[in-house]
>>> print(open('upload-v9.cif').read())   # mmCIF, C-alpha atoms
data_target
loop_
_atom_site.label_atom_id
_atom_site.label_comp_id
_atom_site.auth_asym_id
_atom_site.auth_seq_id
_atom_site.Cartn_x
_atom_site.Cartn_y
_atom_site.Cartn_z
CA MET A 10 173.80 124.40 -57.36
CA ASN A 11 173.01 121.14 -55.57
CA ASP A 12 169.48 121.01 -54.10
CA ASP A 13 169.84 117.45 -52.74
CA PRO A 14 169.10 117.19 -49.00
CA PRO A 15 172.13 116.66 -46.74
CA HIS A 16 173.12 113.06 -46.16
CA PRO A 17 171.79 111.90 -42.75
CA GLY A 18 175.06 110.15 -41.83
CA ARG A 19 177.13 113.20 -42.73
CA THR A 20 174.81 115.44 -40.69
CA ALA A 21 175.01 113.15 -37.66
CA THR A 22 178.80 112.98 -37.87
CA GLY A 23 179.03 116.77 -38.09
CA GLY A 24 176.75 117.12 -35.09
CA ARG A 25 178.85 114.72 -33.03
CA LEU A 26 182.00 116.59 -34.00
CA ARG A 27 180.50 119.94 -32.99
CA SER A 28 179.33 118.44 -29.71
CA LEU A 29 182.82 117.05 -29.05
CA LEU A 30 184.46 120.40 -29.75
CA ARG A 31 181.97 122.19 -27.47
CA GLY A 32 182.83 119.71 -24.74
CA LEU A 33 186.53 120.52 -25.03
CA ARG A 34 186.15 124.29 -24.82
CA PRO A 35 187.05 125.81 -21.46
CA ASP A 36 184.06 126.14 -19.15
CA LEU A 37 183.50 129.88 -18.74
CA ALA A 38 180.79 129.58 -16.10
CA PRO A 39 182.94 131.07 -13.27
CA TRP A 40 183.87 134.02 -15.49
CA ARG A 41 180.24 134.69 -16.37
CA SER A 42 178.76 134.26 -12.90
CA SER A 43 181.29 135.97 -10.62
CA ARG A 44 182.52 139.54 -11.02
CA ASP A 45 185.03 138.95 -8.23
CA PHE A 46 186.48 135.98 -10.10
CA ARG A 47 186.87 138.14 -13.21
CA LEU A 48 188.75 140.76 -11.19
CA LEU A 49 190.96 138.15 -9.49
CA TRP A 50 191.67 136.41 -12.82
CA SER A 51 192.57 139.69 -14.52
CA ALA A 52 194.86 140.69 -11.65
CA GLY A 53 196.55 137.31 -11.92
CA CYS A 54 197.19 137.80 -15.64
CA VAL A 55 198.85 141.15 -15.03
CA THR A 56 200.92 139.97 -12.06
CA THR A 57 202.10 136.85 -13.87
CA PHE A 58 203.63 138.94 -16.64
CA GLY A 59 205.32 141.27 -14.17
CA SER A 60 206.66 138.39 -12.10
CA PHE A 61 208.38 136.88 -15.12
CA LEU A 62 210.07 140.22 -15.78
CA THR A 63 211.73 140.08 -12.37
CA TYR A 64 212.25 136.30 -12.62
CA VAL A 65 214.47 136.88 -15.65
CA ALA A 66 215.98 140.21 -14.56
CA VAL A 67 217.30 139.15 -11.13
CA PRO A 68 219.61 136.31 -12.27
CA MET A 69 220.69 138.40 -15.26
CA GLN A 70 221.67 141.30 -12.99
CA ILE A 71 223.55 139.02 -10.57
CA LYS A 72 225.37 137.47 -13.52
CA GLU A 73 226.38 140.93 -14.77
CA LEU A 74 227.56 141.99 -11.31
CA THR A 75 229.52 138.84 -10.39
CA GLY A 76 230.05 136.60 -13.42
CA SER A 77 229.61 133.70 -10.97
CA TYR A 78 227.47 130.58 -11.52
CA LEU A 79 227.40 130.03 -7.76
CA ALA A 80 226.15 133.55 -7.11
CA VAL A 81 223.25 133.00 -9.50
CA GLY A 82 222.51 129.56 -8.04
CA LEU A 83 222.24 131.01 -4.53
CA ILE A 84 218.92 132.58 -5.53
CA GLY A 85 217.19 129.22 -5.02
CA ALA A 86 218.72 128.75 -1.58
CA VAL A 87 217.72 132.27 -0.54
CA GLU A 88 214.11 131.66 -1.62
CA LEU A 89 213.40 128.15 -0.31
CA LEU A 90 213.45 128.53 3.49
CA PRO A 91 211.36 131.76 3.63
CA LEU A 92 208.83 130.23 1.24
CA ILE A 93 208.42 127.14 3.41
CA ALA A 94 208.31 128.94 6.77
CA PHE A 95 206.04 131.78 5.72
CA GLY A 96 203.87 129.49 3.59
CA LEU A 97 202.74 127.58 6.68
CA TRP A 98 202.18 130.83 8.60
CA GLY A 99 200.39 132.33 5.60
CA GLY A 100 198.01 129.39 5.66
CA ALA A 101 197.11 130.14 9.28
CA LEU A 102 196.59 133.83 8.45
CA ALA A 103 194.36 132.93 5.49
CA ASP A 104 192.02 131.06 7.87
CA ALA A 105 191.92 133.92 10.40
CA LEU A 106 191.78 137.11 8.32
CA ASP A 107 189.92 138.59 5.38
CA ARG A 108 191.62 136.78 2.50
CA ARG A 109 191.14 139.66 0.08
CA LYS A 110 192.82 142.09 2.49
CA LEU A 111 195.69 139.65 3.04
CA VAL A 112 196.23 139.27 -0.71
CA LEU A 113 195.95 143.04 -1.19
CA ALA A 114 198.46 143.85 1.58
CA SER A 115 201.00 141.27 0.40
CA GLU A 116 200.59 142.44 -3.20
CA ALA A 117 201.39 145.99 -2.07
CA GLY A 118 204.45 144.68 -0.23
CA LEU A 119 205.63 142.78 -3.31
CA GLY A 120 205.23 145.93 -5.38
CA LEU A 121 207.31 147.88 -2.87
CA LEU A 122 210.07 145.25 -3.03
CA SER A 123 210.12 145.50 -6.82
CA ALA A 124 210.50 149.26 -6.43
CA LEU A 125 213.53 148.64 -4.19
CA LEU A 126 215.07 146.45 -6.89
CA LEU A 127 214.46 149.28 -9.36
CA LEU A 128 216.13 151.86 -7.08
CA ASN A 129 219.15 149.60 -6.61
CA ALA A 130 219.41 149.02 -10.37
CA LEU A 131 219.36 152.80 -10.98
CA LEU A 132 222.41 153.37 -8.76
CA PRO A 133 225.65 154.18 -10.62
CA THR A 134 227.04 150.94 -9.17
CA PRO A 135 224.24 148.53 -8.10
CA VAL A 136 224.90 146.61 -4.87
CA LEU A 137 224.65 142.80 -4.72
CA TRP A 138 223.46 142.11 -1.16
CA PRO A 139 220.16 144.06 -1.45
CA ILE A 140 219.19 141.84 -4.39
CA TYR A 141 219.52 138.72 -2.20
CA LEU A 142 217.74 140.42 0.68
CA VAL A 143 214.83 141.51 -1.51
CA THR A 144 214.68 138.06 -3.14
CA GLY A 145 214.32 136.42 0.28
CA LEU A 146 211.66 138.93 1.33
CA VAL A 147 209.77 138.35 -1.92
CA ALA A 148 209.76 134.60 -1.19
CA ALA A 149 208.49 135.28 2.33
CA LEU A 150 205.67 137.54 1.11
CA ASP A 151 204.83 135.04 -1.62
CA GLY A 152 204.54 132.38 1.06
CA LEU A 153 202.21 134.62 3.05
CA GLN A 154 200.09 135.45 0.02
CA ARG A 155 199.84 132.14 -1.80
CA PRO A 156 197.52 130.28 0.62
CA ALA A 157 195.11 133.24 0.77
CA LEU A 158 195.25 133.63 -3.00
CA ASP A 159 194.64 129.92 -3.62
CA THR A 160 191.74 129.83 -1.17
CA LEU A 161 190.02 132.95 -2.49
CA THR A 162 188.61 131.13 -5.51
CA PRO A 163 186.44 128.66 -3.55
CA ARG A 164 184.80 131.60 -1.78
CA ILE A 165 183.89 133.54 -4.93
CA VAL A 166 182.74 130.79 -7.32
CA GLU A 167 180.04 128.15 -7.01
CA HIS A 168 180.98 124.78 -5.50
CA ASP A 169 180.41 122.89 -8.76
CA GLN A 170 182.42 125.47 -10.77
CA MET A 171 185.74 125.00 -8.96
CA THR A 172 187.36 122.74 -11.53
CA ALA A 173 186.40 125.18 -14.30
CA ALA A 174 187.78 128.10 -12.26
CA PHE A 175 191.10 126.36 -11.64
CA ALA A 176 191.30 125.45 -15.34
CA LEU A 177 190.84 129.13 -16.26
CA ASN A 178 193.55 130.09 -13.76
CA SER A 179 195.80 127.47 -15.29
CA LEU A 180 195.11 128.95 -18.72
CA TYR A 181 196.75 132.31 -17.96
CA ARG A 182 199.53 130.72 -15.92
CA SER A 183 200.43 128.35 -18.75
CA ALA A 184 200.28 131.12 -21.34
CA GLY A 185 202.39 133.30 -19.04
CA SER A 186 204.97 130.53 -18.66
CA ILE A 187 205.41 130.53 -22.44
CA LEU A 188 205.15 134.20 -23.33
CA GLY A 189 206.41 135.74 -20.09
CA PRO A 190 210.03 134.56 -20.16
CA ALA A 191 210.33 135.24 -23.89
CA LEU A 192 209.08 138.82 -23.59
CA ALA A 193 211.07 139.36 -20.40
CA GLY A 194 214.24 138.15 -22.10
CA LEU A 195 213.75 140.63 -24.94
CA ILE A 196 213.03 143.51 -22.55
CA VAL A 197 216.08 142.74 -20.39
CA ALA A 198 218.32 142.26 -23.41
CA PHE A 199 217.33 145.42 -25.26
CA ALA A 200 216.09 147.80 -22.54
CA GLY A 201 217.97 146.61 -19.45
CA VAL A 202 216.98 145.30 -16.03
CA GLN A 203 215.91 148.79 -14.94
CA THR A 204 213.10 148.76 -17.50
CA ALA A 205 212.07 145.26 -16.44
CA TYR A 206 211.84 146.29 -12.78
CA ALA A 207 209.94 149.48 -13.68
CA LEU A 208 207.38 147.51 -15.71
CA ASP A 209 207.00 145.05 -12.85
CA VAL A 210 206.19 147.92 -10.47
CA LEU A 211 203.60 149.14 -12.98
CA THR A 212 201.95 145.70 -13.18
CA PHE A 213 201.66 145.64 -9.38
CA ALA A 214 199.89 149.00 -9.49
CA VAL A 215 197.36 147.67 -12.02
CA SER A 216 196.88 144.46 -10.02
CA LEU A 217 196.24 146.43 -6.82
CA LEU A 218 193.56 148.50 -8.54
CA LEU A 219 191.79 145.33 -9.69
CA LEU A 220 192.04 143.57 -6.33
CA ALA A 221 190.79 146.68 -4.50
CA ARG A 222 187.51 146.45 -6.46
CA MET A 223 186.76 142.97 -5.09
CA ARG A 224 184.35 142.52 -2.21
CA ALA A 225 185.56 141.56 1.26
CA VAL A 226 186.09 137.85 1.95
CA PRO A 227 185.84 137.67 5.76
CA PRO A 228 187.06 134.64 7.70
CA PRO A 229 184.58 131.92 8.69
CA THR A 230 182.55 132.42 11.86
CA GLY A 231 184.58 131.38 14.90
CA ALA A 232 187.88 131.38 13.03
CA GLU A 233 190.93 130.62 15.19
CA LYS A 234 193.66 133.17 15.74
CA PRO A 235 196.86 132.29 13.84
CA SER A 236 199.16 130.22 16.05
CA LEU A 237 201.57 127.32 15.97
CA ALA A 238 198.87 125.21 17.57
CA GLY A 239 196.56 126.13 14.70
CA ILE A 240 199.19 125.11 12.15
CA ALA A 241 199.61 121.81 14.02
CA ALA A 242 195.83 121.29 13.87
CA GLY A 243 195.95 121.74 10.10
CA LEU A 244 198.73 119.15 9.83
CA ARG A 245 196.73 116.72 11.99
CA TYR A 246 193.69 117.21 9.77
CA ALA A 247 195.79 116.46 6.66
CA ARG A 248 197.09 113.31 8.32
CA SER A 249 193.53 112.21 9.11
CA ARG A 250 192.56 112.31 5.43
CA PRO A 251 194.45 109.52 3.58
CA GLU A 252 193.08 110.66 0.24
CA LEU A 253 194.47 114.16 0.80
CA LEU A 254 197.82 112.76 1.94
CA GLY A 255 197.80 110.70 -1.24
CA THR A 256 197.63 113.80 -3.43
CA TYR A 257 200.58 115.36 -1.56
CA VAL A 258 202.84 112.32 -1.66
CA VAL A 259 202.01 111.46 -5.28
CA ASP A 260 203.00 114.99 -6.32
CA ILE A 261 206.22 114.87 -4.28
CA CYS A 262 207.05 111.45 -5.78
CA ALA A 263 206.50 112.75 -9.32
CA MET A 264 208.69 115.81 -8.81
CA LEU A 265 211.40 113.98 -6.82
CA PHE A 266 211.99 111.31 -9.45
CA ALA A 267 210.98 113.01 -12.71
CA PHE A 268 211.82 116.72 -12.63
CA PRO A 269 214.85 117.00 -14.97
CA ASN A 270 214.97 120.76 -15.65
CA ALA A 271 218.31 121.24 -13.92
CA ILE A 272 220.16 119.15 -16.51
CA PHE A 273 218.41 120.41 -19.64
CA PRO A 274 221.59 122.26 -20.74
CA PHE A 275 223.48 118.95 -20.64
CA LEU A 276 220.66 117.13 -22.42
CA ALA A 277 220.80 119.74 -25.19
CA ASP A 278 224.53 119.02 -25.53
CA ASP A 279 223.91 115.27 -25.60
CA LEU A 280 221.33 115.65 -28.36
CA HIS A 281 223.52 118.14 -30.30
CA ALA A 282 220.68 120.65 -30.11
CA HIS A 283 222.04 123.68 -28.27
CA TRP A 284 219.50 125.84 -30.11
CA ALA A 285 216.63 123.95 -28.44
CA LEU A 286 217.46 124.68 -24.79
CA GLY A 287 214.81 127.39 -24.48
CA LEU A 288 212.29 125.13 -26.19
CA MET A 289 212.97 122.43 -23.60
CA TYR A 290 212.15 124.79 -20.77
CA GLY A 291 208.98 125.96 -22.51
CA ALA A 292 207.71 122.62 -23.84
CA SER A 293 205.95 121.56 -20.65
CA ALA A 294 204.13 124.91 -20.53
CA VAL A 295 202.92 124.31 -24.10
CA GLY A 296 201.42 120.98 -23.00
CA SER A 297 199.88 122.61 -19.96
CA LEU A 298 198.36 125.35 -22.10
CA ALA A 299 196.90 122.76 -24.48
CA VAL A 300 195.13 121.06 -21.57
CA SER A 301 193.84 124.38 -20.22
CA ALA A 302 192.53 125.38 -23.65
CA THR A 303 190.61 122.08 -23.97
CA SER A 304 189.62 121.71 -20.32
CA GLY A 305 185.84 121.54 -20.68
CA TRP A 306 185.89 117.81 -19.96
CA THR A 307 187.51 118.27 -16.55
CA SER A 308 184.31 119.71 -15.06
CA ARG A 309 182.64 116.34 -15.67
CA VAL A 310 185.25 114.35 -13.73
CA HIS A 311 184.22 113.23 -10.23
CA ARG A 312 186.93 110.72 -9.30
CA HIS A 313 189.70 113.23 -8.77
CA GLY A 314 191.98 110.79 -6.94
CA ARG A 315 192.15 108.58 -10.02
CA MET A 316 192.66 111.70 -12.10
CA VAL A 317 195.73 112.60 -10.01
CA VAL A 318 197.19 109.09 -10.12
CA LEU A 319 196.70 108.56 -13.85
CA ALA A 320 198.14 111.99 -14.63
CA ALA A 321 201.21 111.33 -12.44
CA LEU A 322 201.73 108.03 -14.26
CA GLY A 323 201.52 109.92 -17.55
CA TRP A 324 204.08 112.45 -16.31
CA GLY A 325 206.53 109.72 -15.31
CA ALA A 326 206.04 107.71 -18.50
CA ALA A 327 206.55 110.78 -20.69
CA MET A 328 209.75 111.73 -18.82
CA ALA A 329 211.03 108.16 -19.15
CA GLY A 330 210.40 108.37 -22.89
CA ALA A 331 212.17 111.72 -23.10
CA GLY A 332 215.26 110.11 -21.59
CA LEU A 333 215.18 107.12 -23.91
CA VAL A 334 214.75 108.79 -27.31
CA GLY A 335 217.79 110.23 -29.00
CA ASN A 336 216.24 112.97 -31.13
CA ILE A 337 215.30 116.47 -30.03
CA TRP A 338 211.86 116.59 -31.63
CA PRO A 339 210.42 113.53 -29.85
CA VAL A 340 211.99 114.86 -26.65
CA LEU A 341 210.15 118.17 -27.02
CA LEU A 342 206.90 116.36 -27.79
CA LEU A 343 207.25 114.13 -24.72
CA LEU A 344 208.09 117.10 -22.49
CA ALA A 345 204.89 118.77 -23.75
CA VAL A 346 202.92 115.59 -22.96
CA ALA A 347 204.44 115.59 -19.47
CA GLY A 348 203.43 119.22 -18.97
CA GLY A 349 199.87 118.42 -19.99
CA ALA A 350 199.76 115.51 -17.55
CA ASP A 351 201.10 117.71 -14.77
CA ASN A 352 198.32 120.23 -15.44
CA VAL A 353 195.67 117.50 -15.30
CA SER A 354 197.12 116.33 -11.98
CA GLY A 355 197.09 119.90 -10.66
CA LEU A 356 193.44 120.40 -11.63
CA GLY A 357 192.50 117.16 -9.88
CA ARG A 358 194.39 118.09 -6.72
CA SER A 359 193.02 121.64 -6.57
CA THR A 360 189.42 120.52 -7.06
CA MET A 361 189.71 117.74 -4.51
CA TRP A 362 191.24 120.00 -1.86
CA ASN A 363 188.90 122.94 -2.30
CA GLN A 364 185.71 120.92 -2.63
CA SER A 365 186.35 118.75 0.43
CA ILE A 366 188.34 120.82 2.96
CA PRO A 367 186.30 122.93 5.42
CA ASP A 368 186.66 126.64 4.83
CA GLY A 369 188.06 127.19 8.31
CA LEU A 370 191.01 124.88 7.54
CA ARG A 371 191.48 125.61 3.86
CA GLY A 372 194.22 128.21 4.30
CA ARG A 373 196.36 126.00 6.53
CA LEU A 374 195.99 123.08 4.14
CA ALA A 375 196.98 125.42 1.29
CA GLY A 376 200.14 126.11 3.30
CA VAL A 377 200.82 122.37 3.45
CA GLU A 378 200.21 122.20 -0.29
CA LEU A 379 202.71 125.01 -0.85
CA LEU A 380 205.25 123.05 1.20
CA SER A 381 204.69 119.89 -0.85
CA TYR A 382 205.07 121.44 -4.28
CA SER A 383 208.01 123.62 -3.24
CA VAL A 384 210.10 120.83 -1.75
CA GLY A 385 209.47 118.23 -4.48
CA PRO A 386 211.05 120.13 -7.40
CA GLN A 387 213.97 121.30 -5.25
CA LEU A 388 214.79 117.73 -4.20
CA GLY A 389 214.21 116.61 -7.77
CA GLN A 390 216.88 119.00 -9.02
CA VAL A 391 219.37 117.47 -6.57
CA ARG A 392 218.36 113.91 -7.50
CA VAL A 393 218.64 114.35 -11.26
CA GLY A 394 221.99 116.12 -11.04
CA ALA A 395 223.54 113.58 -8.68
CA MET A 396 222.25 110.62 -10.68
CA ALA A 397 223.45 112.12 -13.97
CA GLY A 398 226.98 111.97 -12.60
CA LEU A 399 226.56 108.21 -12.08
CA VAL A 400 224.56 106.98 -15.09
CA GLY A 401 224.70 109.88 -17.56
CA VAL A 402 222.23 112.58 -18.49
CA ARG A 403 219.72 110.51 -20.42
CA GLY A 404 220.02 107.62 -17.99
CA SER A 405 219.16 109.91 -15.10
CA ILE A 406 216.05 111.15 -16.91
CA TRP A 407 214.62 107.82 -18.06
CA ALA A 408 215.44 106.05 -14.80
CA GLY A 409 213.77 108.85 -12.86
CA GLY A 410 210.66 108.62 -15.03
CA LEU A 411 210.51 104.87 -14.48
CA ALA A 412 211.00 105.33 -10.73
CA CYS A 413 208.14 107.83 -10.77
CA VAL A 414 205.80 105.28 -12.40
CA VAL A 415 206.77 102.55 -9.93
CA GLY A 416 206.49 104.93 -6.97
CA VAL A 417 203.06 106.22 -7.97
CA VAL A 418 201.74 102.68 -8.46
CA ALA A 419 203.04 101.73 -5.00
CA LEU A 420 201.49 104.80 -3.39
CA ALA A 421 198.14 104.19 -5.07
CA ALA A 422 198.17 100.60 -3.77
CA ALA A 423 199.07 101.78 -0.27
CA LEU A 424 196.37 104.48 -0.25
CA PRO A 425 193.18 102.91 -1.67
CA GLU A 426 191.19 105.87 -0.32
CA LEU A 427 192.82 108.04 -2.98
CA LEU A 428 191.52 105.87 -5.82
CA ALA A 429 188.13 105.48 -4.15
CA TYR A 430 187.50 109.23 -3.79
CA ASP A 431 184.33 110.33 -5.58
CA ALA A 432 183.09 113.91 -5.21
CA ARG A 433 179.49 112.74 -5.63
CA THR A 434 179.57 110.46 -2.57
CA ASP A 435 182.46 111.71 -0.41
CA PRO A 436 181.12 112.82 3.02
CA HIS A 437 183.69 115.61 3.40
CA THR A 438 182.71 117.10 0.05
CA ALA A 439 179.03 116.84 0.94
CA ALA A 440 179.65 118.61 4.26
CA VAL A 441 181.52 121.47 2.56
CA ARG A 442 178.74 121.78 -0.03
CA ASP A 443 176.05 121.85 2.68
CA ALA A 444 177.97 124.44 4.72
CA ARG A 445 178.29 126.63 1.66
CA GLU A 446 174.56 126.41 0.94
CA ARG A 447 173.75 127.39 4.55
CA ARG A 448 176.04 130.41 4.45
CA PRO A 449 174.14 133.72 4.04
CA LYS A 450 174.13 134.89 0.47
CA PRO A 451 176.36 137.93 -0.19
CA ALA A 452 174.92 141.18 -1.45
CA PRO A 453 174.50 141.41 -5.22
CA GLU A 454 177.73 142.21 -7.04
CA PRO A 455 178.05 145.81 -8.14
CA VAL A 456 177.58 146.50 -11.81
CA GLY A 457 180.59 147.68 -13.82
#
>>> encode(input="upload-v9.cif", output="structure tokens")
Amino acid sequence: MNDDPPHPGRTATGGRLRSLLRGLRPDLAPWRSSRDFRLLWSAGCVTTFGSFLTYVAVPMQIKELTGSYLAVGLIGAVELLPLIAFGLWGGALADALDRRKLVLASEAGLGLLSALLLLNALLPTPVLWPIYLVTGLVAALDGLQRPALDTLTPRIVEHDQMTAAFALNSLYRSAGSILGPALAGLIVAFAGVQTAYALDVLTFAVSLLLLARMRAVPPPTGAEKPSLAGIAAGLRYARSRPELLGTYVVDICAMLFAFPNAIFPFLADDLHAHWALGLMYGASAVGSLAVSATSGWTSRVHRHGRMVVLAALGWGAAMAGAGLVGNIWPVLLLLAVAGGADNVSGLGRSTMWNQSIPDGLRGRLAGVELLSYSVGPQLGQVRVGAMAGLVGVRGSIWAGGLACVVGVVALAAALPELLAYDARTDPHTAAVRDARERRPKPAPEPVG
């Protein structure tokens, strides 16, 4: 037995290491302080799993019914326009109605649509057109729900806990992006699409029970009725805030030039790694999960504009590297790095929007956000496929990553307000914080 006292240097090093690890752990303050956040987070976990069941089951069922690549590809076209149109309208509704009730009603509608998919799948001969119809309606309801869902969090957590709350949301979404498709694939393969749809309906039932236990989240005093003029007012407000516009255009630039998912099957062929196709699709989610699991540091960031720009540069650089290397393992590593950078960018954008946008406009701006991150990846799929036909698969990926870096640098230079944003001194953020402090405190949360 050694009775010598511990070496001072070793003790200090151990203390610094423990302090560093504590700083990386996710900040659980929103979970501890808000019962409503716990309910919303738990409902999100359940719904995410169910959504991936249908996400995998629908294309699989269409493939079985038609054997057509085009028929499967039409899913994206059926979803895009309803998502855009109803996303903007959903933003207006989120500013005018009780956001909890809007989320609850749309969640019930989504559950009903999953039940219709189940009924169609149980027919002796399932019909194709109802699948497309339900898919379009799901996109429309998702567009209506998403702005209200995204703007619920700022109303149920403290102003200075928003980054931590969005990091916790990202944690289950990233984990779901990894585990969800894998489990869904097994369920569809061994139990059929009927079982997948039935489980999805069950997850909606659980989610509804959790959401129903949340307190009301009424609209701000003097909220406008939803209208096209109100949507236009939201767009004008976005245009008046160069730093907000910067977050939108930087994200669109990153997705337009450096979103290569559409040609992953061809990249797997080029790298002689057919077995790694699924890993390619899941690698970015692994990187995103790693950031979420070590996100404690993000709550101490105040310059969220710089956070967005640096993360977008990291995304583009990692994608450029993935196109340049000729071995599957570095490619997977770089895709994971890109996914982590994308998560950092998303946390910066979400915090900046929700800490600085007035509550009465937050829903409509969430609709604009939905538009920006829906269009970017769709255009990116077209860009990468068209360019691959001209310069090859790897050339399309690395050139797109390089174009992303150049584009983000140019946008940052053109929008100095984005780099200058500081949550500690920004007048919009201060006004939102003051308005929140003046708002009457809600009744104590029920126990249990």
>>> atom_distance(input="upload-v9.cif", atom1="CA of Ala327 (chain A)", atom2="CA of Ser293 (chain A)")
10.8 Å
>>> closest_residue(input="upload-v9.cif", among="A:Leu158, A:Ala105, A:Ala350, A:Leu195", to="Thr230 (chain A)", atoms="all atoms listed in the file")
A:Ala105
>>> residues_around(input="upload-v9.cif", residues="Leu127 (chain A)", least_positions_apart="2", cutoff="8 Å", atoms="all atoms listed in the file", output="ChimeraX atom specification")
/A:123-125,129-131,203,206-207
>>> resolve_selection(input="upload-v9.cif", expression="the PyMOL selection byres ((chain A and resi 56-65) around 9)", output="JSON list (two decimals) with C-alpha atoms, keeping the file's coordinate frame")
[["chain", "number", "residue", "atom", "x", "y", "z"],
["A", 51, "SER", "CA", 192.57, 139.69, -14.52],
["A", 52, "ALA", "CA", 194.86, 140.69, -11.65],
["A", 53, "GLY", "CA", 196.55, 137.31, -11.92],
["A", 54, "CYS", "CA", 197.19, 137.80, -15.64],
["A", 55, "VAL", "CA", 198.85, 141.15, -15.03],
["A", 66, "ALA", "CA", 215.98, 140.21, -14.56],
["A", 67, "VAL", "CA", 217.30, 139.15, -11.13],
["A", 68, "PRO", "CA", 219.61, 136.31, -12.27],
["A", 69, "MET", "CA", 220.69, 138.40, -15.26],
["A", 70, "GLN", "CA", 221.67, 141.30, -12.99],
["A", 123, "SER", "CA", 210.12, 145.50, -6.82],
["A", 181, "TYR", "CA", 196.75, 132.31, -17.96],
["A", 182, "ARG", "CA", 199.53, 130.72, -15.92],
["A", 185, "GLY", "CA", 202.39, 133.30, -19.04],
["A", 186, "SER", "CA", 204.97, 130.53, -18.66],
["A", 188, "LEU", "CA", 205.15, 134.20, -23.33],
["A", 189, "GLY", "CA", 206.41, 135.74, -20.09],
["A", 190, "PRO", "CA", 210.03, 134.56, -20.16],
["A", 192, "LEU", "CA", 209.08, 138.82, -23.59],
["A", 193, "ALA", "CA", 211.07, 139.36, -20.40],
["A", 194, "GLY", "CA", 214.24, 138.15, -22.10],
["A", 196, "ILE", "CA", 213.03, 143.51, -22.55],
["A", 197, "VAL", "CA", 216.08, 142.74, -20.39],
["A", 202, "VAL", "CA", 216.98, 145.30, -16.03],
["A", 205, "ALA", "CA", 212.07, 145.26, -16.44],
["A", 206, "TYR", "CA", 211.84, 146.29, -12.78],
["A", 208, "LEU", "CA", 207.38, 147.51, -15.71],
["A", 209, "ASP", "CA", 207.00, 145.05, -12.85],
["A", 210, "VAL", "CA", 206.19, 147.92, -10.47],
["A", 211, "LEU", "CA", 203.60, 149.14, -12.98],
["A", 212, "THR", "CA", 201.95, 145.70, -13.18],
["A", 213, "PHE", "CA", 201.66, 145.64, -9.38],
["A", 215, "VAL", "CA", 197.36, 147.67, -12.02],
["A", 216, "SER", "CA", 196.88, 144.46, -10.02]]
>>> closest_residue(input="upload-v9.cif", among="A:Val441, A:Leu83, A:Ala221, A:Ile165", to="Lys110 (chain A)", atoms="all atoms listed in the file")
A:Ala221
>>> residues_around(input="upload-v9.cif", residues="region 372-389 of chain A", least_positions_apart="5", cutoff="7 Å", atoms="only C-alpha atoms", output="PyMOL selection string")
chain A and resi 93+96-97+99-101+103-104+156-157+160+240+243+257+261+264-268
>>> closest_residue(input="upload-v9.cif", among="A:Leu244, A:Ile272, A:Leu411, A:Val400", to="Trp324 (chain A)", atoms="all atoms listed in the file")
A:Leu411
>>> residues_around(input="upload-v9.cif", residues="Val318 (chain A)", least_positions_apart="5", cutoff="9 Å", atoms="only C-alpha atoms", output="mmCIF file with C-alpha atoms, in the coordinates of the input")
data_model
loop_
_atom_site.group_PDB
_atom_site.id
_atom_site.type_symbol
_atom_site.label_atom_id
_atom_site.label_comp_id
_atom_site.auth_asym_id
_atom_site.auth_seq_id
_atom_site.Cartn_x
_atom_site.Cartn_y
_atom_site.Cartn_z
ATOM 1 C CA THR A 256 197.630 113.800 -3.430
ATOM 2 C CA VAL A 259 202.010 111.460 -5.280
ATOM 3 C CA HIS A 313 189.700 113.230 -8.770
ATOM 4 C CA GLY A 323 201.520 109.920 -17.550
ATOM 5 C CA SER A 354 197.120 116.330 -11.980
ATOM 6 C CA VAL A 417 203.060 106.220 -7.970
ATOM 7 C CA VAL A 418 201.740 102.680 -8.460
ATOM 8 C CA ALA A 421 198.140 104.190 -5.070
ATOM 9 C CA LEU A 427 192.820 108.040 -2.980
ATOM 10 C CA LEU A 428 191.520 105.870 -5.820
#
>>> resolve_selection(input="upload-v9.cif", expression="the PyMOL selection byres ((chain A and resi 329) around 7)", output="ChimeraX atom specification")
/A:325-328,330-333,406-411
>>> resolve_selection(input="upload-v9.cif", expression="the PyMOL selection byres ((chain A and resi 315-317) around 12)", output="ChimeraX atom specification")
/A:252-253,255-260,263,307-314,318-324,350-362,417-418,420-422,424-432
>>> closest_residue(input="upload-v9.cif", among="A:Ala397, A:Val81, A:Asp279, A:Ala423", to="Leu254 (chain A)", atoms="all atoms listed in the file")
A:Ala423
>>> residues_around(input="upload-v9.cif", residues="region 231-234 of chain A", least_positions_apart="2", cutoff="9 Å", atoms="all atoms listed in the file", output="compact mmCIF listing (two decimals) with C-alpha atoms, in the frame of the given file")
# COMPACT_ATOMS: atom_id res chain seq x y z
CA ALA A 101 197.11 130.14 9.28
CA LEU A 102 196.59 133.83 8.45
CA ASP A 104 192.02 131.06 7.87
CA ALA A 105 191.92 133.92 10.40
CA LEU A 106 191.78 137.11 8.32
CA PRO A 228 187.06 134.64 7.70
CA PRO A 229 184.58 131.92 8.69
CA SER A 236 199.16 130.22 16.05
CA GLY A 239 196.56 126.13 14.70
CA GLY A 369 188.06 127.19 8.31
>>> closest_residue(input="upload-v9.cif", among="A:Ser405, A:Trp338, A:Leu137, A:Gly291", to="Ala191 (chain A)", atoms="only C-alpha atoms")
A:Gly291
>>> closest_residue(input="upload-v9.cif", among="A:Val143, A:Leu150, A:Val295, A:Ala282", to="Ser115 (chain A)", atoms="all atoms listed in the file")
A:Leu150
>>> residues_around(input="upload-v9.cif", residues="Arg34 (chain A)", least_positions_apart="6", cutoff="10 Å", atoms="all atoms listed in the file", output="JSON, numbers by chain")
{"A": [301, 302, 303, 304, 305, 306]}
